[in-house]
Structures are given as structure tokens and as C-alpha cells.
Amino acid sequence: MKNYAQIVDQVKPLIRKVGHFILKERLSFNQERVEIKGRNDLVSYVDKTAEEMLVEGLKIVLPNAGFITEEATIQQRRGEYTWIIDPLDGTTNFVHGIPIFSISIGLLHQEELVGGLIYEINRDEIFWAVLNEGAWLNDQRICIASPSFLKESLISTGFPVQNFDFLDAYLKVISKIVQNSHGIRRGGSAATDLAYVACGRYDAFFEYNLNPWDVAAGILLVKEAGGLVTDFVGKDNALFGRQILAAGKIHQELLDLIRLHWPD
Ligand code: IPD
Ligand code: CA
Ligand code: CA
């Protein structure tokens with residue numbers, strides 16, 4: 001078994017360096033450089049270059065590891081170890097100049113997440129976790145918040161941007177939460193949302209249609225911070241299952257609410 005804490009430590013200067021690149025490009029960013037990847041799906045040279053920089057650095061950290069990356073700038077392949085990367089989570093925010101975007105890097109050993117980092121670039125905050133060792137924000141140990149009921153909680157989510165099949169069910173769930181909680185936020189970066197659950201800023205996060213690179217690091221962070229992460233039927237299947245519910249004590253209450261409205 002490798003020393004996962006040491007591996008995560010090696011990635012910190014790299015994630016910060018790439019974050020500084022993204023921030024520098026933001027200063028001169030021009031909307032004309034946006035490309036449309038799919039319906040409501042934006043990308044630019046910043047996402048792609050950031051990914052190339054991350055891949056180059058991570059190849060040195062673990063030479064034989066595979067990669068699953070959003071922009072597919074490298075051949076997509078699973079290995080004994082696999083890096084799962086979103087080089088810029090919150091591209092729409094980035095393009096519009098809203099300062100909530102991050103880099104997300106998860107490390108999978110066979111089927112198990114063993115390391116994760118989320119760098120919230122504008123706040124210079126590195127959230128990181130190591131399997132069975134805990135979760136941190138920069139040098140501070142973090143843990144999830146502890147409200148026992150939805151009515152005492154602040155919830156985050158993301159609205160679907162491409163597949164609207166479950167929109168009605170989703171809006172029903174949101175309606176209930178809006179009326180029975182401290183409120184609901186849509187920050188625009190799933191990775192940042194999960195990092196905020198891990199450190200107790202949010203009490204829960206749920207979304208559907210996300211990809212592994214949006215959630216890999218965040219799943220480990222929330223779990224290592226004491227939370228529970230499942231899909232919408234309560235299974236430990238959020239990484240590839242395209243449904244995620246991450247929360248502390250209110251996990252069951254939210255799961256019951258989602259299940260009441262979500263089609264089987
Ligand atoms: C998006 C963000 C957003 C979520 C979208 C994702 P991107 O990732 O995480 O919060 O709602 O579904 O695709 O495209 O900015 O990397
Ligand atoms: Ca993303
Ligand atoms: Ca992205």
C-alpha cells in the first residue's frame with residue numbers, strides 16, 4: 001500500500017500552481033474565447049491547458065496511473081491507480097466572472113477513493129482528504145456540521161443544465177426544502193459545494209447528472225469529515241451513479257424527501 005498522505009502532499013503545490021494560472025487567465029479573459037461543448041456546456045482553452053498542466057504534474061507523482069479527465073486531453077484509462085480530474089469546476093462562473101470555481105482531483109485505488117483535493121482558487125483554500133486519516137482545509141482539520149433536522153440546515157444543489165428528464169421531481173424536492181430549511185444555494189461548482197459540506201458551511205448537497213470528475217474528491221472529503229454520501233436510493237454509488245446526496249445527520253431526512261418525489 002502506498003503512502004496516500006504523502007501523495008496528496010505532493011499534489012498540493014501542483015494544484016496551487018494550476019489555480020494561479022487559471023486566476024491569471026481570468027484577468028484577461030474574453031468571452032469570445034468560449035467554445036460550446038454541448039447544450040449549456042461551456043469550455044475554453046483555460047480548462048484544457050489547466051488539465052494538461054495537471055496531467056503532466058500527476059504523471060510524475062504516480063507514473064503508471066490511469067486518468068479520467070473532463071476535457072480528455074489524455075487517453076482515458078483506468079489503472080490500479082486512477083486520477084479523476086476536473087481541471088476547472090464552475091466553468092460557467094469562470095466565464096461570467098463569478099468567483100466560485102475550483103480544481104478537483106481524486107485518486108482511486110482499484111475501486112476505492114484514497115485521496116482527494118479541491119482547490120477553491122479565489123479563496124486560496126485547499127480542501128484535502130486521505131482515506132481513513134481525515135479531512136483538512138489548508139492546515140485545519142475539518143468536520144461536517146451537526147444539525148439534526150432539515151429545518152436547521154442550509155442546503156446546496158445544482159440545477160440540471162442538459163438532461164431535463166427529472167426536472168419536475170427535482171423542483172418538487174426543492175420546493176419542500178425551500179419551505180422547510182434555512183435555504184438553498186446554487187453555487188455553480190459541485191466540487192466546491194462538496195468541500196463546503198465537508199467543512200460545515202453547508203449541511204448537505206444533492207444533485208443529479210454529475211460526472212465522476214465533479215464528485216470524486218468531494219465524496220472522499222465528505223466521508224472523511226464524518227458525513228454520508230450516497231445516490232438517491234441510499235447506495236454507496238455516487239461516484240459513477242450520476243446522483244449524489246452528501247450530508248451529516250440530516251441525510252436520512254433528505255433521502256426520504258427525495259425518494260418521495262423521485263421516480264424509481
Ligand atoms: C459543472 C458544475 C455545476 C454543476 C454542473 C457541472 P463544470 O461543472 O459542477 O455546479 O451543476 O452540472 O457540469 O462544467 O463547470 O466543470
Ligand atoms: Ca465539473
Ligand atoms: Ca470542468
# chains A, B, ... in the order shown; residues from 1 in each chain; ligands from 1
call {"tool": "select_by_dssp", "arguments": {"residues": "stretch 100-239 of chain A", "states": "helix (DSSP H, G or I)", "output": "ChimeraX atom specification"}}
result
/A:121-123,150-152,167-179,190-198,212-224,238-239
call {"tool": "closest_atom_pairs", "arguments": {"of": "chain A", "to": "ligand 2", "cutoff": "6 Å", "atoms": "only C-alpha atoms and all ligand atoms", "output": "Markdown table"}}
result
| residue | atom | partner | partner_atom_place_in_ligand_line | distance |
| --- | --- | --- | --- | --- |
| A:Asp86 | CA | ligand 2 | 1 (Ca) | 5.8 |
| A:Asp89 | CA | ligand 2 | 1 (Ca) | 4.1 |
| A:Asp214 | CA | ligand 2 | 1 (Ca) | 4.4 |
call {"tool": "residues_near_ligand", "arguments": {"ligand": "ligand 3", "cutoff": "12 Å", "atoms": "only C-alpha atoms and all ligand atoms", "output": "NGL selection string"}}
result
:A and (37 or 41-51 or 69-72 or 84-95 or 101-105 or 188-192 or 210-215)
call {"tool": "atom_distance", "arguments": {"atom1": "atom CA of A:Asn132", "atom2": "atom CA of A:Ala198"}}
result
14.7 Å
call {"tool": "atom_distance", "arguments": {"atom1": "atom CA of A:Asn237", "atom2": "atom CA of A:Asp193"}}
result
18.3 Å
call {"tool": "residues_around", "arguments": {"residues": "A:Ile219", "least_positions_apart": "6", "cutoff": "12 Å", "atoms": "only C-alpha atoms", "output": "JSON, numbers by chain"}}
result
{"A": [84, 104, 105, 106, 107, 108, 112, 113, 114, 115, 116, 117, 118, 127, 128, 129, 130, 131, 135, 190, 191, 192, 193, 194, 195, 196, 197, 198, 205, 206, 212, 213, 225, 226, 227, 228, 229, 230, 231, 236, 237, 238, 239, 240, 243, 244, 245, 246, 247]}
call {"tool": "select_by_dssp", "arguments": {"residues": "stretch 13-227 of chain A", "states": "strand (DSSP E or B)", "output": "ChimeraX atom specification"}}
result
/A:35-38,41-43,66-69,77,81-89,102-109,112-120,125-130,134-137,140-141,154-157,183-185,204-208
call {"tool": "atom_distance", "arguments": {"atom1": "atom CA of A:Glu253", "atom2": "atom CA of A:Ser175"}}
result
15.0 Å
call {"tool": "closest_residue", "arguments": {"among": "A:Glu25, A:Pro263, A:Ile36, A:Gly248", "to": "A:Gly200", "atoms": "only C-alpha atoms"}}
result
A:Gly248
call {"tool": "residues_around", "arguments": {"residues": "A:Leu171", "least_positions_apart": "6", "cutoff": "12 Å", "atoms": "only C-alpha atoms", "output": "list in words"}}
result
Thr157, Gly158, Phe159, Pro160, Phe164, Asp165, Ile177, Val178, Glu207, Leu257, Ile258, His261 and Trp262 of chain A
call {"tool": "write_last_selection", "arguments": {"atoms": "N, CA and C atoms", "output": "short mmCIF file (atom, residue, chain, number, x, y, z; two decimals), in the first residue's frame"}}
result
data_model
loop_
_atom_site.label_atom_id
_atom_site.label_comp_id
_atom_site.auth_asym_id
_atom_site.auth_seq_id
_atom_site.Cartn_x
_atom_site.Cartn_y
_atom_site.Cartn_z
N THR A 157 -27.23 22.81 -3.93
CA THR A 157 -27.60 21.93 -5.04
C THR A 157 -27.10 22.52 -6.34
N GLY A 158 -27.38 21.85 -7.43
CA GLY A 158 -27.09 22.38 -8.75
C GLY A 158 -28.28 22.08 -9.63
N PHE A 159 -28.64 23.00 -10.50
CA PHE A 159 -29.75 22.74 -11.41
C PHE A 159 -29.22 22.00 -12.63
N PRO A 160 -30.03 21.11 -13.19
CA PRO A 160 -29.57 20.41 -14.40
C PRO A 160 -29.34 21.40 -15.54
N PHE A 164 -33.15 17.20 -18.84
CA PHE A 164 -34.21 17.77 -18.00
C PHE A 164 -35.30 16.75 -17.66
N ASP A 165 -34.99 15.45 -17.87
CA ASP A 165 -35.99 14.39 -17.67
C ASP A 165 -36.60 14.41 -16.27
N ILE A 177 -37.74 21.78 0.29
CA ILE A 177 -36.57 22.25 1.04
C ILE A 177 -36.65 23.76 1.28
N VAL A 178 -37.06 24.49 0.26
CA VAL A 178 -37.16 25.95 0.39
C VAL A 178 -38.09 26.32 1.56
N GLU A 207 -27.43 16.60 -6.04
CA GLU A 207 -27.54 16.97 -7.45
C GLU A 207 -27.61 15.68 -8.26
N LEU A 257 -37.16 12.49 1.65
CA LEU A 257 -37.82 13.55 0.86
C LEU A 257 -37.59 13.35 -0.64
N ILE A 258 -36.36 13.04 -1.00
CA ILE A 258 -36.05 12.81 -2.43
C ILE A 258 -36.83 11.58 -2.93
N HIS A 261 -40.41 11.84 -4.07
CA HIS A 261 -40.73 12.52 -5.34
C HIS A 261 -40.00 11.93 -6.55
N TRP A 262 -38.91 11.19 -6.31
CA TRP A 262 -38.08 10.72 -7.42
C TRP A 262 -38.65 9.46 -8.04
#
call {"tool": "residues_around", "arguments": {"residues": "A:Val18", "least_positions_apart": "2", "cutoff": "9 Å", "atoms": "only C-alpha atoms", "output": "PDB file with N, CA and C atoms, in the first residue's frame"}}
result
ATOM      1  N   PRO A  13       1.304  21.596  -4.175  1.00  0.00           N
ATOM      2  CA  PRO A  13       1.916  22.703  -4.929  1.00  0.00           C
ATOM      3  C   PRO A  13       1.463  22.737  -6.383  1.00  0.00           C
ATOM      4  N   LEU A  14       1.197  21.562  -6.951  1.00  0.00           N
ATOM      5  CA  LEU A  14       0.740  21.491  -8.347  1.00  0.00           C
ATOM      6  C   LEU A  14      -0.649  22.119  -8.487  1.00  0.00           C
ATOM      7  N   ILE A  15      -1.552  21.769  -7.600  1.00  0.00           N
ATOM      8  CA  ILE A  15      -2.932  22.274  -7.716  1.00  0.00           C
ATOM      9  C   ILE A  15      -2.937  23.792  -7.514  1.00  0.00           C
ATOM     10  N   ARG A  16      -2.053  24.268  -6.632  1.00  0.00           N
ATOM     11  CA  ARG A  16      -1.968  25.724  -6.392  1.00  0.00           C
ATOM     12  C   ARG A  16      -1.382  26.426  -7.624  1.00  0.00           C
ATOM     13  N   HIS A  20      -3.278  29.248  -9.878  1.00  0.00           N
ATOM     14  CA  HIS A  20      -2.753  30.591 -10.161  1.00  0.00           C
ATOM     15  C   HIS A  20      -2.797  30.883 -11.660  1.00  0.00           C
ATOM     16  N   PHE A  21      -2.540  29.859 -12.456  1.00  0.00           N
ATOM     17  CA  PHE A  21      -2.658  30.018 -13.913  1.00  0.00           C
ATOM     18  C   PHE A  21      -4.107  30.405 -14.274  1.00  0.00           C
ATOM     19  N   ILE A  22      -5.071  29.693 -13.707  1.00  0.00           N
ATOM     20  CA  ILE A  22      -6.489  29.961 -14.017  1.00  0.00           C
ATOM     21  C   ILE A  22      -6.857  31.392 -13.614  1.00  0.00           C
ATOM     22  N   LEU A  23      -6.385  31.790 -12.456  1.00  0.00           N
ATOM     23  CA  LEU A  23      -6.694  33.138 -11.948  1.00  0.00           C
ATOM     24  C   LEU A  23      -6.082  34.223 -12.835  1.00  0.00           C
ATOM     25  N   ALA A  50      -5.246  23.960 -18.266  1.00  0.00           N
ATOM     26  CA  ALA A  50      -5.144  23.587 -16.848  1.00  0.00           C
ATOM     27  C   ALA A  50      -5.066  22.067 -16.725  1.00  0.00           C
ATOM     28  N   GLU A  51      -5.883  21.369 -17.498  1.00  0.00           N
ATOM     29  CA  GLU A  51      -5.863  19.903 -17.433  1.00  0.00           C
ATOM     30  C   GLU A  51      -4.512  19.347 -17.874  1.00  0.00           C
ATOM     31  N   MET A  53      -1.650  20.753 -17.709  1.00  0.00           N
ATOM     32  CA  MET A  53      -0.653  21.027 -16.652  1.00  0.00           C
ATOM     33  C   MET A  53      -0.796  20.031 -15.495  1.00  0.00           C
ATOM     34  N   LEU A  54      -2.049  19.734 -15.136  1.00  0.00           N
ATOM     35  CA  LEU A  54      -2.279  18.793 -14.031  1.00  0.00           C
ATOM     36  C   LEU A  54      -1.794  17.394 -14.405  1.00  0.00           C
ATOM     37  N   PRO A  87     -10.434  19.938 -14.217  1.00  0.00           N
ATOM     38  CA  PRO A  87      -9.416  20.996 -14.137  1.00  0.00           C
ATOM     39  C   PRO A  87     -10.004  22.355 -13.790  1.00  0.00           C
ATOM     40  N   ILE A 103     -10.554  23.498  -8.666  1.00  0.00           N
ATOM     41  CA  ILE A 103      -9.933  22.341  -9.324  1.00  0.00           C
ATOM     42  C   ILE A 103     -10.229  21.137  -8.434  1.00  0.00           C
TER      43      ILE A 103
END
call {"tool": "residues_around", "arguments": {"residues": "A:Cys199", "least_positions_apart": "6", "cutoff": "7 Å", "atoms": "only C-alpha atoms", "output": "list in words"}}
result
Ile142, Cys143 and Ile144 of chain A
call {"tool": "closest_residue", "arguments": {"among": "A:Arg242, A:Arg26, A:Lys59, A:Arg77", "to": "ligand 1", "atoms": "only C-alpha atoms and all ligand atoms"}}
result
A:Arg242
call {"tool": "residues_around", "arguments": {"residues": "A:Gln179", "least_positions_apart": "4", "cutoff": "12 Å", "atoms": "only C-alpha atoms", "output": "PDB file with N, CA, C and O atoms, in the first residue's frame"}}
result
ATOM      1  N   LEU A 150     -33.601  19.055   9.022  1.00  0.00           N
ATOM      2  CA  LEU A 150     -33.570  19.902   7.828  1.00  0.00           C
ATOM      3  C   LEU A 150     -33.913  21.349   8.182  1.00  0.00           C
ATOM      4  O   LEU A 150     -33.331  22.296   7.657  1.00  0.00           O
ATOM      5  N   LYS A 151     -34.840  21.531   9.092  1.00  0.00           N
ATOM      6  CA  LYS A 151     -35.299  22.894   9.400  1.00  0.00           C
ATOM      7  C   LYS A 151     -34.193  23.770  10.005  1.00  0.00           C
ATOM      8  O   LYS A 151     -34.330  24.993  10.056  1.00  0.00           O
ATOM      9  N   GLU A 152     -33.087  23.152  10.419  1.00  0.00           N
ATOM     10  CA  GLU A 152     -31.967  23.934  10.977  1.00  0.00           C
ATOM     11  C   GLU A 152     -30.809  24.011   9.992  1.00  0.00           C
ATOM     12  O   GLU A 152     -29.690  24.367  10.360  1.00  0.00           O
ATOM     13  N   SER A 153     -31.028  23.678   8.721  1.00  0.00           N
ATOM     14  CA  SER A 153     -29.906  23.437   7.803  1.00  0.00           C
ATOM     15  C   SER A 153     -29.909  24.338   6.577  1.00  0.00           C
ATOM     16  O   SER A 153     -30.958  24.788   6.121  1.00  0.00           O
ATOM     17  N   LEU A 154     -28.700  24.541   6.041  1.00  0.00           N
ATOM     18  CA  LEU A 154     -28.531  25.242   4.763  1.00  0.00           C
ATOM     19  C   LEU A 154     -28.085  24.207   3.720  1.00  0.00           C
ATOM     20  O   LEU A 154     -27.093  23.499   3.922  1.00  0.00           O
ATOM     21  N   ILE A 155     -28.805  24.150   2.618  1.00  0.00           N
ATOM     22  CA  ILE A 155     -28.601  23.081   1.626  1.00  0.00           C
ATOM     23  C   ILE A 155     -28.066  23.665   0.328  1.00  0.00           C
ATOM     24  O   ILE A 155     -28.465  24.766  -0.070  1.00  0.00           O
ATOM     25  N   LYS A 172     -39.958  19.656  -7.233  1.00  0.00           N
ATOM     26  CA  LYS A 172     -40.800  19.341  -6.064  1.00  0.00           C
ATOM     27  C   LYS A 172     -39.942  19.205  -4.804  1.00  0.00           C
ATOM     28  O   LYS A 172     -40.302  19.680  -3.736  1.00  0.00           O
ATOM     29  N   VAL A 173     -38.791  18.530  -4.969  1.00  0.00           N
ATOM     30  CA  VAL A 173     -37.882  18.370  -3.822  1.00  0.00           C
ATOM     31  C   VAL A 173     -37.403  19.749  -3.367  1.00  0.00           C
ATOM     32  O   VAL A 173     -37.402  20.070  -2.172  1.00  0.00           O
ATOM     33  N   ILE A 174     -37.024  20.582  -4.332  1.00  0.00           N
ATOM     34  CA  ILE A 174     -36.536  21.922  -3.997  1.00  0.00           C
ATOM     35  C   ILE A 174     -37.626  22.730  -3.276  1.00  0.00           C
ATOM     36  O   ILE A 174     -37.364  23.411  -2.285  1.00  0.00           O
ATOM     37  N   SER A 175     -38.853  22.624  -3.763  1.00  0.00           N
ATOM     38  CA  SER A 175     -39.955  23.363  -3.143  1.00  0.00           C
ATOM     39  C   SER A 175     -40.084  23.007  -1.659  1.00  0.00           C
ATOM     40  O   SER A 175     -40.230  23.881  -0.806  1.00  0.00           O
ATOM     41  N   GLY A 183     -32.538  27.524   3.865  1.00  0.00           N
ATOM     42  CA  GLY A 183     -32.470  27.997   2.482  1.00  0.00           C
ATOM     43  C   GLY A 183     -31.691  27.050   1.615  1.00  0.00           C
ATOM     44  O   GLY A 183     -31.159  26.027   2.066  1.00  0.00           O
ATOM     45  N   ILE A 184     -31.633  27.395   0.351  1.00  0.00           N
ATOM     46  CA  ILE A 184     -30.967  26.545  -0.626  1.00  0.00           C
ATOM     47  C   ILE A 184     -30.084  27.425  -1.503  1.00  0.00           C
ATOM     48  O   ILE A 184     -30.442  28.552  -1.824  1.00  0.00           O
TER      49      ILE A 184
END
call {"tool": "closest_residue", "arguments": {"among": "A:Gly234, A:Gly187, A:Gly241, A:Pro99", "to": "ligand 1", "atoms": "only C-alpha atoms and all ligand atoms"}}
result
A:Gly187
call {"tool": "decode", "arguments": {"residues": "stretch 100-137 of chain A", "atoms": "N, CA, C and O atoms", "output": "tab-separated table (two decimals), in the first residue's frame"}}
result
chain	number	residue	atom	x	y	z
A	100	ILE	N	-16.62	31.72	-8.04
A	100	ILE	CA	-16.72	30.40	-7.40
A	100	ILE	C	-16.35	29.35	-8.43
A	100	ILE	O	-17.16	28.97	-9.28
A	101	PHE	N	-15.09	28.95	-8.42
A	101	PHE	CA	-14.65	27.85	-9.28
A	101	PHE	C	-13.45	27.20	-8.63
A	101	PHE	O	-12.73	27.82	-7.85
A	102	SER	N	-13.26	25.92	-8.96
A	102	SER	CA	-12.22	25.17	-8.26
A	102	SER	C	-11.62	24.10	-9.16
A	102	SER	O	-12.11	23.84	-10.26
A	103	ILE	N	-10.55	23.50	-8.67
A	103	ILE	CA	-9.93	22.34	-9.32
A	103	ILE	C	-10.23	21.14	-8.43
A	103	ILE	O	-10.11	21.24	-7.21
A	104	SER	N	-10.59	20.04	-9.05
A	104	SER	CA	-10.90	18.84	-8.25
A	104	SER	C	-10.06	17.66	-8.74
A	104	SER	O	-10.05	17.34	-9.93
A	105	ILE	N	-9.37	17.02	-7.81
A	105	ILE	CA	-8.54	15.85	-8.15
A	105	ILE	C	-8.82	14.73	-7.14
A	105	ILE	O	-8.62	14.91	-5.93
A	106	GLY	N	-9.28	13.61	-7.65
A	106	GLY	CA	-9.49	12.45	-6.79
A	106	GLY	C	-8.54	11.34	-7.21
A	106	GLY	O	-8.17	11.25	-8.38
A	107	LEU	N	-8.15	10.51	-6.26
A	107	LEU	CA	-7.30	9.36	-6.59
A	107	LEU	C	-8.02	8.08	-6.18
A	107	LEU	O	-8.41	7.90	-5.03
A	108	LEU	N	-8.16	7.21	-7.19
A	108	LEU	CA	-8.83	5.94	-6.98
A	108	LEU	C	-7.78	4.83	-6.94
A	108	LEU	O	-6.91	4.79	-7.81
A	109	HIS	N	-7.86	3.95	-5.93
A	109	HIS	CA	-7.05	2.73	-5.94
A	109	HIS	C	-8.01	1.58	-6.20
A	109	HIS	O	-8.88	1.31	-5.35
A	110	GLN	N	-7.87	0.94	-7.35
A	110	GLN	CA	-8.88	-0.03	-7.79
A	110	GLN	C	-10.26	0.61	-7.71
A	110	GLN	O	-10.53	1.56	-8.41
A	111	GLU	N	-11.14	0.16	-6.80
A	111	GLU	CA	-12.49	0.73	-6.75
A	111	GLU	C	-12.66	1.75	-5.63
A	111	GLU	O	-13.76	2.25	-5.41
A	112	GLU	N	-11.58	2.05	-4.92
A	112	GLU	CA	-11.73	2.83	-3.69
A	112	GLU	C	-11.05	4.20	-3.78
A	112	GLU	O	-9.89	4.30	-4.20
A	113	LEU	N	-11.76	5.24	-3.38
A	113	LEU	CA	-11.15	6.58	-3.34
A	113	LEU	C	-10.19	6.64	-2.15
A	113	LEU	O	-10.59	6.36	-1.02
A	114	VAL	N	-8.96	7.02	-2.43
A	114	VAL	CA	-7.96	7.02	-1.34
A	114	VAL	C	-7.39	8.40	-1.06
A	114	VAL	O	-6.76	8.63	-0.02
A	115	GLY	N	-7.59	9.32	-2.00
A	115	GLY	CA	-7.08	10.69	-1.79
A	115	GLY	C	-7.93	11.66	-2.59
A	115	GLY	O	-8.51	11.31	-3.62
A	116	GLY	N	-8.02	12.90	-2.10
A	116	GLY	CA	-8.79	13.89	-2.84
A	116	GLY	C	-8.38	15.30	-2.47
A	116	GLY	O	-8.03	15.57	-1.31
A	117	LEU	N	-8.37	16.18	-3.47
A	117	LEU	CA	-8.08	17.60	-3.22
A	117	LEU	C	-9.05	18.46	-4.02
A	117	LEU	O	-9.31	18.18	-5.20
A	118	ILE	N	-9.54	19.50	-3.39
A	118	ILE	CA	-10.33	20.51	-4.10
A	118	ILE	C	-9.72	21.86	-3.75
A	118	ILE	O	-9.58	22.19	-2.56
A	119	TYR	N	-9.32	22.59	-4.78
A	119	TYR	CA	-8.70	23.91	-4.55
A	119	TYR	C	-9.69	24.99	-4.95
A	119	TYR	O	-10.00	25.15	-6.13
A	120	GLU	N	-10.20	25.70	-3.97
A	120	GLU	CA	-11.08	26.83	-4.30
A	120	GLU	C	-10.19	28.03	-4.54
A	120	GLU	O	-9.63	28.66	-3.62
A	121	ILE	N	-10.04	28.34	-5.81
A	121	ILE	CA	-8.97	29.19	-6.29
A	121	ILE	C	-9.04	30.61	-5.72
A	121	ILE	O	-8.04	31.14	-5.23
A	122	ASN	N	-10.21	31.21	-5.76
A	122	ASN	CA	-10.31	32.61	-5.34
A	122	ASN	C	-10.14	32.80	-3.84
A	122	ASN	O	-9.88	33.91	-3.39
A	123	ARG	N	-10.30	31.76	-3.07
A	123	ARG	CA	-10.13	31.86	-1.62
A	123	ARG	C	-8.82	31.24	-1.16
A	123	ARG	O	-8.54	31.20	0.03
A	124	ASP	N	-8.04	30.75	-2.12
A	124	ASP	CA	-6.78	30.08	-1.81
A	124	ASP	C	-6.98	29.02	-0.72
A	124	ASP	O	-6.22	28.93	0.24
A	125	GLU	N	-8.03	28.22	-0.89
A	125	GLU	CA	-8.32	27.17	0.09
A	125	GLU	C	-8.13	25.80	-0.55
A	125	GLU	O	-8.80	25.49	-1.55
A	126	ILE	N	-7.24	25.02	0.03
A	126	ILE	CA	-7.10	23.62	-0.40
A	126	ILE	C	-7.82	22.73	0.60
A	126	ILE	O	-7.47	22.68	1.78
A	127	PHE	N	-8.86	22.08	0.12
A	127	PHE	CA	-9.56	21.07	0.92
A	127	PHE	C	-8.94	19.73	0.51
A	127	PHE	O	-8.83	19.44	-0.68
A	128	TRP	N	-8.56	18.91	1.46
A	128	TRP	CA	-7.93	17.64	1.08
A	128	TRP	C	-8.28	16.56	2.09
A	128	TRP	O	-8.58	16.84	3.25
A	129	ALA	N	-8.25	15.34	1.59
A	129	ALA	CA	-8.60	14.20	2.44
A	129	ALA	C	-7.78	12.98	2.05
A	129	ALA	O	-7.37	12.83	0.89
A	130	VAL	N	-7.55	12.14	3.03
A	130	VAL	CA	-6.82	10.89	2.81
A	130	VAL	C	-7.65	9.78	3.46
A	130	VAL	O	-8.15	9.95	4.59
A	131	LEU	N	-7.81	8.68	2.74
A	131	LEU	CA	-8.63	7.57	3.24
A	131	LEU	C	-8.22	7.17	4.67
A	131	LEU	O	-7.04	6.92	4.93
A	132	ASN	N	-9.20	7.10	5.54
A	132	ASN	CA	-9.03	6.68	6.94
A	132	ASN	C	-8.16	7.61	7.78
A	132	ASN	O	-7.80	7.27	8.91
A	133	GLU	N	-7.80	8.77	7.25
A	133	GLU	CA	-6.95	9.68	8.03
A	133	GLU	C	-7.62	11.01	8.32
A	133	GLU	O	-7.17	11.77	9.17
A	134	GLY	N	-8.69	11.34	7.59
A	134	GLY	CA	-9.41	12.58	7.89
A	134	GLY	C	-9.41	13.56	6.74
A	134	GLY	O	-8.93	13.27	5.64
A	135	ALA	N	-9.97	14.75	7.03
A	135	ALA	CA	-10.11	15.80	6.01
A	135	ALA	C	-9.63	17.12	6.60
A	135	ALA	O	-9.78	17.37	7.80
A	136	TRP	N	-9.06	17.96	5.73
A	136	TRP	CA	-8.47	19.22	6.17
A	136	TRP	C	-8.86	20.35	5.21
A	136	TRP	O	-9.12	20.13	4.03
A	137	LEU	N	-8.84	21.57	5.75
A	137	LEU	CA	-8.90	22.79	4.95
A	137	LEU	C	-7.60	23.52	5.24
A	137	LEU	O	-7.38	23.96	6.38
